[in-house]
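query15.cif follows; it contains mmCIF, C-alpha atoms.
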```
data_entry
#
loop_
_atom_site.label_atom_id
_atom_site.label_comp_id
_atom_site.auth_asym_id
_atom_site.auth_seq_id
_atom_site.Cartn_x
_atom_site.Cartn_y
_atom_site.Cartn_z
CA MET A 1 4.54 32.26 54.39
CA LYS A 2 0.81 32.83 53.95
CA ALA A 3 1.52 35.67 51.50
CA ILE A 4 3.79 33.42 49.44
CA LEU A 5 1.16 30.70 49.27
CA THR A 6 -1.49 33.22 48.28
CA LEU A 7 0.74 34.56 45.50
CA ALA A 8 1.37 31.02 44.24
CA MET A 9 -2.35 30.35 44.18
CA VAL A 10 -2.98 33.54 42.22
CA LEU A 11 -0.30 32.67 39.68
CA SER A 12 -1.73 29.18 39.29
CA LEU A 13 -5.19 30.59 38.69
CA LEU A 14 -3.87 33.04 36.09
CA ILE A 15 -2.06 30.24 34.23
CA THR A 16 -5.20 28.10 34.27
CA LEU A 17 -7.29 30.94 32.89
CA ALA A 18 -4.69 31.71 30.23
CA ASN A 19 -4.68 28.12 29.01
CA ALA A 20 -8.46 27.73 29.07
CA ASP A 21 -10.41 28.04 25.84
CA SER A 22 -12.18 31.35 25.46
CA PRO A 23 -15.97 31.30 25.09
CA THR A 24 -15.53 32.30 21.44
CA GLU A 25 -13.10 29.46 20.76
CA LYS A 26 -15.47 27.01 22.43
CA VAL A 27 -18.36 28.18 20.27
CA ASN A 28 -16.25 27.90 17.11
CA GLU A 29 -15.11 24.42 18.08
CA ASP A 30 -18.69 23.29 18.67
CA ALA A 31 -19.79 24.83 15.37
CA ASN A 32 -16.97 23.09 13.48
CA MET A 33 -17.86 19.76 15.06
CA GLU A 34 -21.52 20.25 14.20
CA GLN A 35 -20.62 21.04 10.57
CA HIS A 36 -18.30 18.05 10.45
CA GLN A 37 -21.09 15.73 11.55
CA LYS A 38 -23.51 17.35 9.12
CA ASN A 39 -21.06 16.83 6.25
CA ILE A 40 -20.72 13.17 7.15
CA GLU A 41 -24.51 12.80 7.09
CA ILE A 42 -24.76 14.49 3.69
CA CYS A 43 -21.89 12.43 2.33
CA SER A 44 -23.54 9.24 3.58
CA GLN A 45 -26.73 10.18 1.74
CA ASN A 46 -24.67 10.89 -1.38
CA LEU A 47 -23.05 7.47 -1.17
CA LEU A 48 -26.41 5.76 -0.83
CA ALA A 49 -27.77 7.71 -3.81
CA ILE A 50 -24.76 6.75 -5.91
CA GLY A 51 -25.12 3.13 -4.86
CA LYS A 52 -28.76 3.16 -5.89
CA ALA A 53 -27.80 4.67 -9.25
CA ILE A 54 -25.14 2.00 -9.77
CA ASN A 55 -27.72 -0.72 -9.14
CA ALA A 56 -30.01 0.89 -11.72
CA TYR A 57 -27.13 1.17 -14.20
CA GLU A 58 -26.19 -2.48 -13.65
CA ASN A 59 -29.77 -3.61 -14.20
CA ASP A 60 -29.94 -1.52 -17.36
CA LYS A 61 -26.51 -2.26 -18.85
CA GLY A 62 -25.68 -5.64 -17.34
CA ASP A 63 -22.42 -4.37 -15.86
CA PHE A 64 -20.96 -1.75 -13.58
CA PRO A 65 -20.00 1.66 -15.02
CA GLU A 66 -16.32 2.34 -15.71
CA TRP A 67 -16.56 5.71 -13.96
CA LEU A 68 -19.17 7.29 -11.71
CA SER A 69 -19.69 10.13 -14.21
CA GLU A 70 -21.45 7.61 -16.47
CA LEU A 71 -24.34 7.56 -13.99
CA HIS A 72 -25.28 11.17 -14.75
CA PRO A 73 -27.84 12.17 -15.86
CA GLN A 74 -29.78 9.00 -16.74
CA HIS A 75 -29.35 7.07 -13.50
CA LEU A 76 -28.25 9.88 -11.17
CA THR A 77 -30.10 13.07 -12.00
CA ASP A 78 -28.45 15.28 -9.36
CA ALA A 79 -24.74 15.71 -10.16
CA ASN A 80 -24.22 17.30 -6.75
CA ALA A 81 -24.49 13.83 -5.24
CA LEU A 82 -21.04 13.18 -6.71
CA LEU A 83 -19.54 15.96 -4.57
CA CYS A 84 -18.70 15.53 -0.89
CA PRO A 85 -19.47 18.68 1.16
CA SER A 86 -16.07 18.31 2.87
CA ASP A 87 -14.23 18.26 -0.45
CA LYS A 88 -12.02 21.36 -0.57
CA ILE A 89 -10.05 20.44 -3.69
CA GLY A 90 -12.64 20.98 -6.40
CA GLY A 91 -14.41 17.67 -6.87
CA LYS A 92 -11.48 15.28 -6.77
CA PRO A 93 -10.74 12.15 -4.75
CA ILE A 94 -7.76 12.30 -2.39
CA MET A 95 -6.14 9.47 -4.36
CA ARG A 96 -5.48 11.32 -7.61
CA GLN A 97 -5.17 8.18 -9.74
CA ASN A 98 -8.89 7.64 -9.08
CA THR A 99 -9.82 10.98 -10.66
CA ASP A 100 -12.87 10.71 -12.92
CA PRO A 101 -11.92 11.81 -16.47
CA GLU A 102 -15.30 13.33 -17.36
CA MET A 103 -16.58 15.49 -14.50
CA PRO A 104 -15.88 16.55 -10.89
CA VAL A 105 -16.30 13.56 -8.56
CA SER A 106 -15.14 13.58 -4.93
CA TYR A 107 -15.30 9.84 -4.46
CA SER A 108 -12.89 7.01 -5.21
CA TYR A 109 -14.63 4.38 -7.32
CA GLU A 110 -13.12 0.96 -6.69
CA LEU A 111 -14.20 -0.49 -10.04
CA ASN A 112 -12.57 2.12 -12.25
CA PRO A 113 -10.48 0.64 -15.11
CA GLY A 114 -7.24 0.74 -13.13
CA TRP A 115 -8.60 -1.29 -10.21
CA ARG A 116 -11.47 -3.31 -11.66
CA GLU A 117 -9.68 -6.62 -12.19
CA TRP A 118 -8.10 -6.73 -8.72
CA LYS A 119 -11.24 -5.53 -6.92
CA THR A 120 -13.32 -8.11 -8.75
CA GLU A 121 -10.90 -10.77 -7.51
CA GLN A 122 -11.07 -9.39 -3.97
CA ARG A 123 -14.84 -9.59 -4.06
CA THR A 124 -14.63 -13.36 -4.45
CA LEU A 125 -12.94 -13.40 -1.05
CA TYR A 126 -14.55 -10.54 0.86
CA GLY A 127 -18.00 -10.64 -0.70
CA ASP A 128 -20.34 -7.67 -0.94
CA ALA A 129 -19.22 -6.18 2.38
CA MET A 130 -16.06 -4.74 0.81
CA PRO A 131 -16.04 -1.09 -0.34
CA LEU A 132 -17.36 -0.06 -3.73
CA ILE A 133 -17.04 3.71 -3.24
CA ARG A 134 -14.79 5.52 -0.76
CA CYS A 135 -14.55 9.08 0.57
CA ARG A 136 -11.37 10.29 2.28
CA HIS A 137 -12.51 13.87 2.83
CA HIS A 138 -13.57 13.34 6.48
CA ALA A 139 -10.32 11.91 7.87
CA ASN A 140 -9.97 12.52 11.61
CA GLU A 141 -8.83 10.75 14.77
CA ASP A 142 -11.84 8.41 14.65
CA PHE A 143 -11.59 7.13 11.05
CA GLN A 144 -9.92 7.89 7.74
CA VAL A 145 -12.45 6.79 5.13
CA LEU A 146 -16.21 6.60 4.74
CA ASN A 147 -17.18 3.58 2.62
CA LEU A 148 -20.18 2.36 0.68
CA SER A 149 -20.13 -1.42 0.30
CA PHE A 150 -21.37 -3.43 -2.68
CA SER A 151 -24.34 -4.27 -0.48
CA SER A 152 -25.09 -0.52 0.02
CA ARG A 153 -23.96 -0.26 3.64
CA VAL A 154 -22.17 2.91 4.74
CA TYR A 155 -19.42 2.42 7.32
CA PRO A 156 -16.19 4.13 8.43
CA SER A 157 -12.81 2.42 8.36
CA ALA A 158 -9.08 2.92 8.28
CA SER A 159 -7.49 3.90 4.96
CA ILE A 160 -6.49 0.27 4.32
CA TRP A 161 -9.81 -1.40 4.99
CA GLU A 162 -8.35 -4.90 4.62
CA ARG A 163 -6.58 -4.44 7.96
CA GLN A 164 -9.83 -3.68 9.77
CA PRO A 165 -12.19 -6.59 8.99
CA GLU A 166 -14.38 -5.95 12.02
CA ALA A 167 -15.30 -2.57 10.50
CA VAL A 168 -16.05 -4.16 7.13
CA TYR A 169 -18.30 -6.87 8.58
CA GLY A 170 -19.58 -5.18 11.72
CA SER A 171 -18.08 -7.58 14.28
CA LEU A 172 -15.19 -9.97 14.84
CA GLU A 173 -17.50 -12.98 14.63
CA ALA A 174 -18.95 -11.87 11.30
CA ALA A 175 -15.45 -11.15 9.97
CA ILE A 176 -14.23 -14.62 10.94
CA ALA A 177 -17.21 -16.30 9.29
CA ALA A 178 -16.85 -14.30 6.06
CA LEU A 179 -13.07 -14.63 5.72
CA SER A 180 -13.17 -18.35 6.52
CA ALA A 181 -15.77 -18.89 3.80
CA GLY A 182 -13.86 -16.68 1.35
CA LEU A 183 -10.61 -18.55 1.84
CA GLN A 184 -12.31 -21.87 1.15
CA SER A 185 -12.59 -20.95 -2.52
CA ASN A 186 -9.31 -19.01 -2.65
CA GLN A 187 -6.98 -21.24 -0.63
CA ASP A 188 -4.05 -21.16 -3.05
CA HIS A 189 -4.51 -17.61 -4.41
CA LYS A 190 -1.16 -16.02 -3.57
CA GLY A 191 -2.67 -12.56 -3.80
CA PHE A 192 -4.75 -13.45 -0.75
CA PHE A 193 -2.05 -15.08 1.36
CA TYR A 194 -1.97 -11.95 3.55
CA VAL A 195 -5.40 -12.98 4.84
CA TYR A 196 -4.05 -16.11 6.52
CA PRO A 197 -2.18 -14.27 9.32
CA MET A 198 -5.06 -11.83 9.74
CA LEU A 199 -7.60 -14.64 10.18
CA THR A 200 -5.19 -16.45 12.52
CA GLY A 201 -5.12 -13.32 14.68
CA LEU A 202 -8.92 -13.13 14.72
CA TYR A 203 -9.13 -16.76 15.82
CA MET A 204 -6.69 -16.06 18.66
CA GLN A 205 -8.60 -12.94 19.75
CA THR A 206 -11.76 -14.99 20.11
CA GLY A 207 -10.10 -17.92 21.87
CA GLN A 208 -10.27 -20.33 18.93
CA GLU A 209 -6.74 -21.74 19.15
CA GLU A 210 -7.70 -25.02 17.49
CA GLU A 211 -9.07 -23.18 14.46
CA ALA A 212 -5.87 -21.14 14.28
CA GLU A 213 -3.83 -24.37 14.30
CA ARG A 214 -6.06 -25.85 11.61
CA LEU A 215 -5.51 -22.77 9.46
CA VAL A 216 -1.73 -23.05 9.84
CA ASN A 217 -1.86 -26.65 8.68
CA LEU A 218 -4.04 -25.67 5.72
CA TYR A 219 -1.60 -22.93 4.74
CA LYS A 220 1.36 -25.33 4.86
CA LYS A 221 -0.43 -27.44 2.23
CA VAL A 222 -1.05 -24.57 -0.20
CA MET A 223 2.18 -22.57 0.21
CA THR A 224 5.10 -23.10 -2.17
CA SER A 225 7.93 -24.85 -0.37
CA ASP A 226 10.72 -23.06 -2.25
CA ASN A 227 9.17 -19.58 -2.08
CA VAL A 228 10.82 -17.44 0.61
CA GLN A 229 7.95 -14.94 0.69
CA ASP A 230 5.50 -17.73 1.57
CA TYR A 231 7.55 -18.54 4.68
CA PHE A 232 7.23 -14.93 5.82
CA VAL A 233 3.44 -15.44 5.79
CA LEU A 234 3.84 -18.64 7.80
CA GLY A 235 6.05 -16.77 10.27
CA ASP A 236 3.37 -14.10 10.66
CA MET A 237 0.79 -16.79 11.41
CA LEU A 238 2.99 -18.37 14.08
CA LYS A 239 3.63 -14.91 15.51
CA GLU A 240 -0.13 -14.35 15.86
CA MET A 241 -0.22 -17.58 17.89
CA ASN A 242 2.57 -16.31 20.18
CA ARG A 243 4.90 -19.08 18.99
CA ASP A 244 7.97 -16.81 18.90
CA GLU A 245 10.51 -19.60 19.32
CA ASP A 246 8.99 -21.46 16.37
CA VAL A 247 9.24 -18.32 14.26
CA LEU A 248 12.91 -17.93 15.16
CA GLU A 249 13.67 -21.54 14.29
CA LEU A 250 11.78 -21.16 11.00
CA PHE A 251 13.99 -18.28 9.88
CA LYS A 252 17.19 -19.91 11.13
CA THR A 253 16.38 -22.78 8.80
CA LEU A 254 15.65 -20.37 5.96
CA GLU A 255 18.99 -18.64 6.53
CA LYS A 256 20.83 -21.92 5.96
CA GLN A 257 18.96 -22.41 2.69
CA HIS A 258 19.30 -18.80 1.52
CA PRO A 259 22.39 -17.34 3.24
CA LYS A 260 22.50 -14.22 1.03
CA ASP A 261 18.84 -13.25 1.28
CA ARG A 262 18.79 -9.84 3.01
CA SER A 263 15.09 -10.08 3.87
CA ILE A 264 15.78 -13.19 5.97
CA HIS A 265 18.62 -11.46 7.81
CA GLN A 266 16.35 -8.46 8.41
CA LYS A 267 13.75 -10.75 9.95
CA LEU A 268 16.34 -12.53 12.08
CA ALA A 269 17.66 -9.17 13.27
CA GLN A 270 14.14 -8.25 14.34
CA LEU A 271 13.51 -11.59 16.03
CA HIS A 272 16.81 -11.62 17.92
CA GLY A 273 16.13 -8.04 18.97
CA GLU A 274 12.81 -9.08 20.49
CA PHE A 275 14.68 -11.48 22.79
CA ALA A 276 16.53 -8.51 24.31
CA GLU A 277 20.06 -8.95 25.68
CA LEU A 278 20.16 -12.68 25.11
CA HIS A 279 20.25 -12.20 21.35
CA SER A 280 21.49 -8.61 21.00
CA LYS A 281 24.77 -9.60 19.32
CA MET A 282 23.00 -11.81 16.79
CA ALA A 283 20.54 -9.01 16.04
CA ALA A 284 23.43 -6.71 15.17
CA VAL A 285 25.03 -9.33 12.92
CA HIS A 286 21.87 -9.92 10.89
CA GLN A 287 21.01 -6.23 10.71
CA LEU A 288 24.35 -5.59 9.03
CA LYS A 289 23.64 -8.32 6.48
CA ALA A 290 20.07 -7.14 5.92
CA ASP A 291 20.58 -3.42 5.36
CA PRO A 292 20.74 -2.60 1.62
CA SER A 293 22.66 0.56 2.53
CA GLU A 294 25.73 -1.66 2.88
CA LEU A 295 25.67 -1.91 -0.92
CA ILE A 296 25.85 1.85 -1.43
CA GLY A 297 29.08 2.64 -3.23
CA GLN A 298 29.43 -1.02 -4.27
CA PRO A 299 28.86 -2.50 -7.76
CA VAL A 300 25.26 -3.54 -8.38
CA PRO A 301 25.03 -7.16 -9.61
CA ASP A 302 24.00 -7.51 -13.24
CA PHE A 303 20.77 -9.16 -14.38
CA SER A 304 19.56 -10.58 -17.67
CA ALA A 305 15.92 -10.63 -18.71
CA ILE A 306 13.51 -10.04 -21.60
CA ASP A 307 11.64 -6.74 -21.78
CA VAL A 308 7.92 -6.37 -22.61
CA ASP A 309 8.78 -5.99 -26.31
CA GLY A 310 10.59 -9.33 -26.32
CA ASN A 311 14.12 -7.93 -26.43
CA PRO A 312 17.02 -8.99 -24.19
CA ILE A 313 17.93 -6.47 -21.50
CA SER A 314 20.61 -6.33 -18.84
CA LEU A 315 22.11 -3.77 -16.50
CA GLN A 316 25.44 -4.12 -18.29
CA GLN A 317 23.87 -2.67 -21.46
CA TYR A 318 23.44 0.61 -19.58
CA ARG A 319 27.01 0.87 -18.31
CA GLY A 320 28.19 4.45 -18.72
CA LYS A 321 24.74 5.85 -17.96
CA VAL A 322 23.12 6.91 -14.71
CA VAL A 323 20.34 4.35 -14.31
CA LEU A 324 17.19 4.26 -12.19
CA LEU A 325 16.31 0.61 -11.63
CA ASP A 326 12.68 1.16 -10.69
CA PHE A 327 10.83 -1.72 -8.99
CA TRP A 328 7.13 -0.86 -9.18
CA ALA A 329 3.62 -2.04 -10.17
CA VAL A 330 0.44 -0.52 -11.55
CA TRP A 331 -1.44 -1.68 -8.43
CA CYS A 332 1.03 0.15 -6.15
CA SER A 333 -0.54 3.53 -5.24
CA PRO A 334 2.73 5.19 -4.07
CA CYS A 335 4.41 4.01 -7.29
CA ILE A 336 1.70 5.57 -9.45
CA ALA A 337 1.74 8.77 -7.38
CA GLU A 338 5.51 9.06 -7.95
CA MET A 339 5.33 8.42 -11.71
CA PRO A 340 4.79 12.07 -12.81
CA ASN A 341 7.92 13.06 -10.90
CA VAL A 342 9.92 10.22 -12.47
CA LYS A 343 8.75 11.30 -15.94
CA ARG A 344 9.81 14.91 -15.27
CA VAL A 345 13.27 13.87 -14.15
CA TYR A 346 13.62 11.55 -17.14
CA LYS A 347 12.64 14.31 -19.58
CA THR A 348 15.08 16.72 -17.96
CA TYR A 349 18.15 14.48 -17.89
CA LYS A 350 17.64 11.80 -20.58
CA ASP A 351 19.92 13.67 -22.98
CA GLU A 352 22.63 13.95 -20.32
CA GLY A 353 23.13 10.24 -19.82
CA PHE A 354 20.20 9.31 -17.57
CA ASP A 355 17.96 6.32 -18.28
CA ILE A 356 15.41 4.15 -16.48
CA ILE A 357 14.67 0.42 -16.41
CA GLY A 358 11.26 -0.46 -15.01
CA ILE A 359 10.93 -3.79 -13.20
CA SER A 360 7.20 -4.46 -13.03
CA LEU A 361 5.82 -6.65 -10.24
CA ASP A 362 2.45 -6.79 -11.95
CA THR A 363 0.75 -10.07 -12.88
CA ASP A 364 -1.48 -8.69 -15.66
CA GLU A 365 0.54 -7.84 -18.79
CA GLU A 366 -2.35 -6.20 -20.63
CA ARG A 367 -3.08 -3.93 -17.68
CA LEU A 368 0.59 -2.95 -17.50
CA LYS A 369 0.84 -2.24 -21.22
CA ASN A 370 -2.35 -0.18 -21.17
CA TYR A 371 -0.96 1.94 -18.36
CA LEU A 372 2.37 2.42 -20.16
CA LYS A 373 0.57 3.46 -23.35
CA GLU A 374 -1.99 5.73 -21.71
CA ASN A 375 0.69 7.51 -19.66
CA ASN A 376 3.35 7.66 -22.39
CA ILE A 377 6.03 5.85 -20.38
CA PRO A 378 9.00 5.75 -22.78
CA TRP A 379 11.62 3.68 -20.96
CA ARG A 380 11.95 -0.11 -21.16
CA GLN A 381 10.10 -2.44 -18.83
CA VAL A 382 10.78 -5.94 -17.55
CA PHE A 383 7.70 -8.07 -16.88
CA SER A 384 7.57 -11.71 -15.84
CA GLY A 385 3.98 -11.96 -14.66
CA GLU A 386 5.13 -13.54 -11.41
CA GLY A 387 4.58 -10.56 -9.12
CA TRP A 388 6.74 -10.75 -6.02
CA ASP A 389 8.34 -13.87 -7.48
CA SER A 390 9.72 -11.91 -10.42
CA PRO A 391 13.23 -13.29 -11.07
CA VAL A 392 14.76 -9.81 -11.18
CA SER A 393 13.08 -8.62 -7.97
CA ARG A 394 14.11 -11.83 -6.20
CA HIS A 395 17.64 -11.37 -7.56
CA TYR A 396 17.80 -8.08 -5.67
CA ASN A 397 15.74 -9.29 -2.67
CA ILE A 398 13.01 -6.70 -3.19
CA ARG A 399 10.35 -7.07 -0.48
CA SER A 400 8.50 -3.76 -0.79
CA ILE A 401 7.78 -1.22 -3.52
CA PRO A 402 8.35 1.40 -4.69
CA ALA A 403 12.04 0.50 -4.59
CA PRO A 404 13.94 2.96 -6.83
CA TRP A 405 17.63 2.02 -7.03
CA LEU A 406 19.77 4.79 -8.51
CA ILE A 407 22.99 3.50 -10.09
CA ALA A 408 26.00 5.58 -11.12
CA ARG A 409 27.73 5.49 -14.50
CA ASP A 410 30.34 3.08 -13.13
CA GLY A 411 27.64 0.61 -11.99
CA THR A 412 27.85 1.39 -8.28
CA LEU A 413 24.79 1.98 -6.13
CA ILE A 414 23.95 5.58 -5.20
CA SER A 415 20.67 5.05 -3.35
CA THR A 416 17.77 2.64 -2.85
CA ARG A 417 15.40 5.50 -2.01
CA ALA A 418 15.63 7.77 -5.03
CA ARG A 419 12.18 9.40 -4.86
CA GLY A 420 10.53 12.81 -4.75
CA VAL A 421 12.74 15.90 -4.69
CA ALA A 422 15.72 13.74 -3.77
CA LEU A 423 15.52 11.91 -7.12
CA LYS A 424 16.10 15.07 -9.14
CA GLN A 425 18.90 16.23 -6.88
CA MET A 426 20.71 12.89 -6.99
CA VAL A 427 20.33 12.50 -10.75
CA ALA A 428 21.53 16.07 -11.35
CA GLU A 429 24.69 15.33 -9.38
CA ALA A 430 25.24 11.88 -10.88
CA VAL A 431 25.04 12.97 -14.55
CA GLN A 432 27.77 15.56 -13.90
CA ASP A 433 30.19 12.73 -13.20
CA LYS A 434 31.35 11.63 -16.65
CA SER A 435 33.56 8.87 -15.29
CA GLU A 436 32.57 5.28 -16.05
CA ASN A 437 35.32 3.55 -14.11
#
```

Just give me the structure as structure tokens.
Amino acid sequence: MKAILTLAMVLSLLITLANADSPTEKVNEDANMEQHQKNIEICSQNLLAIGKAINAYENDKGDFPEWLSELHPQHLTDANALLCPSDKIGGKPIMRQNTDPEMPVSYSYELNPGWREWKTEQRTLYGDAMPLIRCRHHANEDFQVLNLSFSSRVYPSASIWERQPEAVYGSLEAAIAALSAGLQSNQDHKGFFYVYPMLTGLYMQTGQEEEAERLVNLYKKVMTSDNVQDYFVLGDMLKEMNRDEDVLELFKTLEKQHPKDRSIHQKLAQLHGEFAELHSKMAAVHQLKADPSELIGQPVPDFSAIDVDGNPISLQQYRGKVVLLDFWAVWCSPCIAEMPNVKRVYKTYKDEGFDIIGISLDTDEERLKNYLKENNIPWRQVFSGEGWDSPVSRHYNIRSIPAPWLIARDGTLISTRARGVALKQMVAEAVQDKSEN
């Protein structure tokens, strides 16, 4: 028995030693961590230098530069400051649409022409604490992005900084004060409605239930009573206040008003599911009604609209073609990242009966048209200027983008997720089918 125990102990020791890091591995790990920290320090100094150069440029020109390359050499003498030491992709930001057109720049500049209008609007809400320049080359388990604010403060944050206000402002209390003040002058700005639930959550975290209730009442005054999307925001606010029953009743009422709205059924499926067995059957019922996949193989309802050139357009006009009904926006990063792939597929199959209709959820027509012109987008576009309230997107209950609906020659739905490699494969198969009926 003693021999068996001794053998077991030896085996255990051997396994422990085998799994332990070797001295060499430990040294390499320490060296990598040291280099990582050093790179962050250098990058932080770069950001501060760029910020200082931007201030000098603004004082000199009366405005911000369009791209960071404009700072060199007059306001930023050392071009190396535009390169992050952790950048392994040749002086480019991780978000390719932020690539500087003139010279290698590792950093994403938030006021480049594609983002300037929206970021300027955001600044009226968030103030100078929001990011001006961002570096994604240090992403790790602690943070994804290193930011330089308009006020020249360097701080780490998640990729979507708006979801982490305590990082932006330094504390929950500072975030509450800043967002409360920002909303005072932007109460009815629909682009900022997402802030209402976030601020409600901050109030609840800090024990300010009365302020949370006050904010709910304020939101009810500024929301649009016949806008379904606005009720989703209200539901999120009530959820932050742990008023689950009120949320459920809210969406039951909405269902009666909009019985065919899949987004409402999706929400009800989620809410019933959260009440476990008591509502499990109802969750299943609403999930069936909410899932767009139930439309696959079924005729896609027609729409009628006016394109950006002022011409009537409808889905029926494209009957007999394979059509990509592409719900997108210039401000949507995944949409812009997918655009080169969509253009390649269009070029390959346009002469075989494939076409595209873009449904833009943008609110700035000039910005949209500039993007279409600069990127040589040849297919027709529908633009209403109403964003998420676009009549066509509401007609199809679109609640997130990109939403690429691929439609067969006979008008039936093939997929609502026609992206990436799958897009080319699905289009290649669909154009082979010459049947229209």

Find the residues around A:Val222 up to 10 Å (only C-alpha atoms counted), leave out those fewer than 4 positions away in its own chain, and share them as number ranges by chain. A: 187-190, 193, 217-218, 230

Report as a tab-separated table (two decimals) with C-alpha atoms, keeping the file's coordinate frame the residues that result from applying the PyMOL selection byres ((chain A and resi 64-78) around 9) to the structure here.
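Output (expr_30.tsv):
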```tsv
chain	number	residue	atom	x	y	z
A	49	ALA	CA	-27.77	7.71	-3.81
A	50	ILE	CA	-24.76	6.75	-5.91
A	52	LYS	CA	-28.76	3.16	-5.89
A	53	ALA	CA	-27.80	4.67	-9.25
A	54	ILE	CA	-25.14	2.00	-9.77
A	55	ASN	CA	-27.72	-0.72	-9.14
A	56	ALA	CA	-30.01	0.89	-11.72
A	57	TYR	CA	-27.13	1.17	-14.20
A	58	GLU	CA	-26.19	-2.48	-13.65
A	61	LYS	CA	-26.51	-2.26	-18.85
A	62	GLY	CA	-25.68	-5.64	-17.34
A	63	ASP	CA	-22.42	-4.37	-15.86
A	79	ALA	CA	-24.74	15.71	-10.16
A	80	ASN	CA	-24.22	17.30	-6.75
A	81	ALA	CA	-24.49	13.83	-5.24
A	82	LEU	CA	-21.04	13.18	-6.71
A	100	ASP	CA	-12.87	10.71	-12.92
A	101	PRO	CA	-11.92	11.81	-16.47
A	102	GLU	CA	-15.30	13.33	-17.36
A	103	MET	CA	-16.58	15.49	-14.50
A	104	PRO	CA	-15.88	16.55	-10.89
A	105	VAL	CA	-16.30	13.56	-8.56
A	107	TYR	CA	-15.30	9.84	-4.46
A	109	TYR	CA	-14.63	4.38	-7.32
A	111	LEU	CA	-14.20	-0.49	-10.04
A	112	ASN	CA	-12.57	2.12	-12.25
A	113	PRO	CA	-10.48	0.64	-15.11
A	116	ARG	CA	-11.47	-3.31	-11.66
```

Enclose all atoms of stretch 324-335 of chain A listed in the file in an axis-aligned box, grow every side by 3 Å, and hand back centre and edge lengths in Å to one decimal, as AutoDock Vina command-line options.
```
--center_x 7.9 --center_y 1.6 --center_z -8.1 --size_x 24.6 --size_y 13.2 --size_z 14.1
```

For atom CA of A:His137 and atom CA of A:Arg367, determine how far apart the two atoms are, in Å to one decimal place.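 Atom CA of A:His137 sits 28.7 Å away from atom CA of A:Arg367.
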
Quick one, how far is atom CA of A:Glu366 from atom CA of A:Pro312?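 Between these atoms lies a distance of 19.9 Å.
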
What would stretch 380-392 of chain A look like with N, CA and C atoms restored, written as a PDB file, in the frame of the given file?
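Below is the file that was written, out-v3.pdb:
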```pdb
ATOM      1  N   ARG A 380      12.199   1.327 -21.030  1.00  0.00           N
ATOM      2  CA  ARG A 380      11.950  -0.110 -21.160  1.00  0.00           C
ATOM      3  C   ARG A 380      11.463  -0.705 -19.840  1.00  0.00           C
ATOM      4  N   GLN A 381      10.695  -1.787 -19.988  1.00  0.00           N
ATOM      5  CA  GLN A 381      10.100  -2.440 -18.830  1.00  0.00           C
ATOM      6  C   GLN A 381      10.372  -3.941 -18.873  1.00  0.00           C
ATOM      7  N   VAL A 382      10.639  -4.499 -17.701  1.00  0.00           N
ATOM      8  CA  VAL A 382      10.780  -5.940 -17.550  1.00  0.00           C
ATOM      9  C   VAL A 382       9.533  -6.475 -16.862  1.00  0.00           C
ATOM     10  N   PHE A 383       8.931  -7.488 -17.435  1.00  0.00           N
ATOM     11  CA  PHE A 383       7.700  -8.070 -16.880  1.00  0.00           C
ATOM     12  C   PHE A 383       7.784  -9.582 -16.970  1.00  0.00           C
ATOM     13  N   SER A 384       7.565 -10.239 -15.838  1.00  0.00           N
ATOM     14  CA  SER A 384       7.570 -11.710 -15.840  1.00  0.00           C
ATOM     15  C   SER A 384       6.192 -12.293 -15.585  1.00  0.00           C
ATOM     16  N   GLY A 385       5.310 -11.476 -15.011  1.00  0.00           N
ATOM     17  CA  GLY A 385       3.980 -11.960 -14.660  1.00  0.00           C
ATOM     18  C   GLY A 385       3.925 -12.708 -13.349  1.00  0.00           C
ATOM     19  N   GLU A 386       5.060 -12.761 -12.632  1.00  0.00           N
ATOM     20  CA  GLU A 386       5.130 -13.540 -11.410  1.00  0.00           C
ATOM     21  C   GLU A 386       5.041 -12.692 -10.142  1.00  0.00           C
ATOM     22  N   GLY A 387       4.737 -11.411 -10.293  1.00  0.00           N
ATOM     23  CA  GLY A 387       4.580 -10.560  -9.120  1.00  0.00           C
ATOM     24  C   GLY A 387       5.817 -10.508  -8.258  1.00  0.00           C
ATOM     25  N   TRP A 388       5.628 -10.781  -6.965  1.00  0.00           N
ATOM     26  CA  TRP A 388       6.740 -10.750  -6.020  1.00  0.00           C
ATOM     27  C   TRP A 388       7.786 -11.823  -6.331  1.00  0.00           C
ATOM     28  N   ASP A 389       7.400 -12.820  -7.112  1.00  0.00           N
ATOM     29  CA  ASP A 389       8.340 -13.870  -7.480  1.00  0.00           C
ATOM     30  C   ASP A 389       9.090 -13.558  -8.770  1.00  0.00           C
ATOM     31  N   SER A 390       8.980 -12.333  -9.244  1.00  0.00           N
ATOM     32  CA  SER A 390       9.720 -11.910 -10.420  1.00  0.00           C
ATOM     33  C   SER A 390      11.198 -12.235 -10.250  1.00  0.00           C
ATOM     34  N   PRO A 391      11.815 -12.916 -11.216  1.00  0.00           N
ATOM     35  CA  PRO A 391      13.230 -13.290 -11.070  1.00  0.00           C
ATOM     36  C   PRO A 391      14.146 -12.112 -10.773  1.00  0.00           C
ATOM     37  N   VAL A 392      13.890 -10.964 -11.408  1.00  0.00           N
ATOM     38  CA  VAL A 392      14.760  -9.810 -11.180  1.00  0.00           C
ATOM     39  C   VAL A 392      14.566  -9.255  -9.770  1.00  0.00           C
TER      40      VAL A 392
END
```
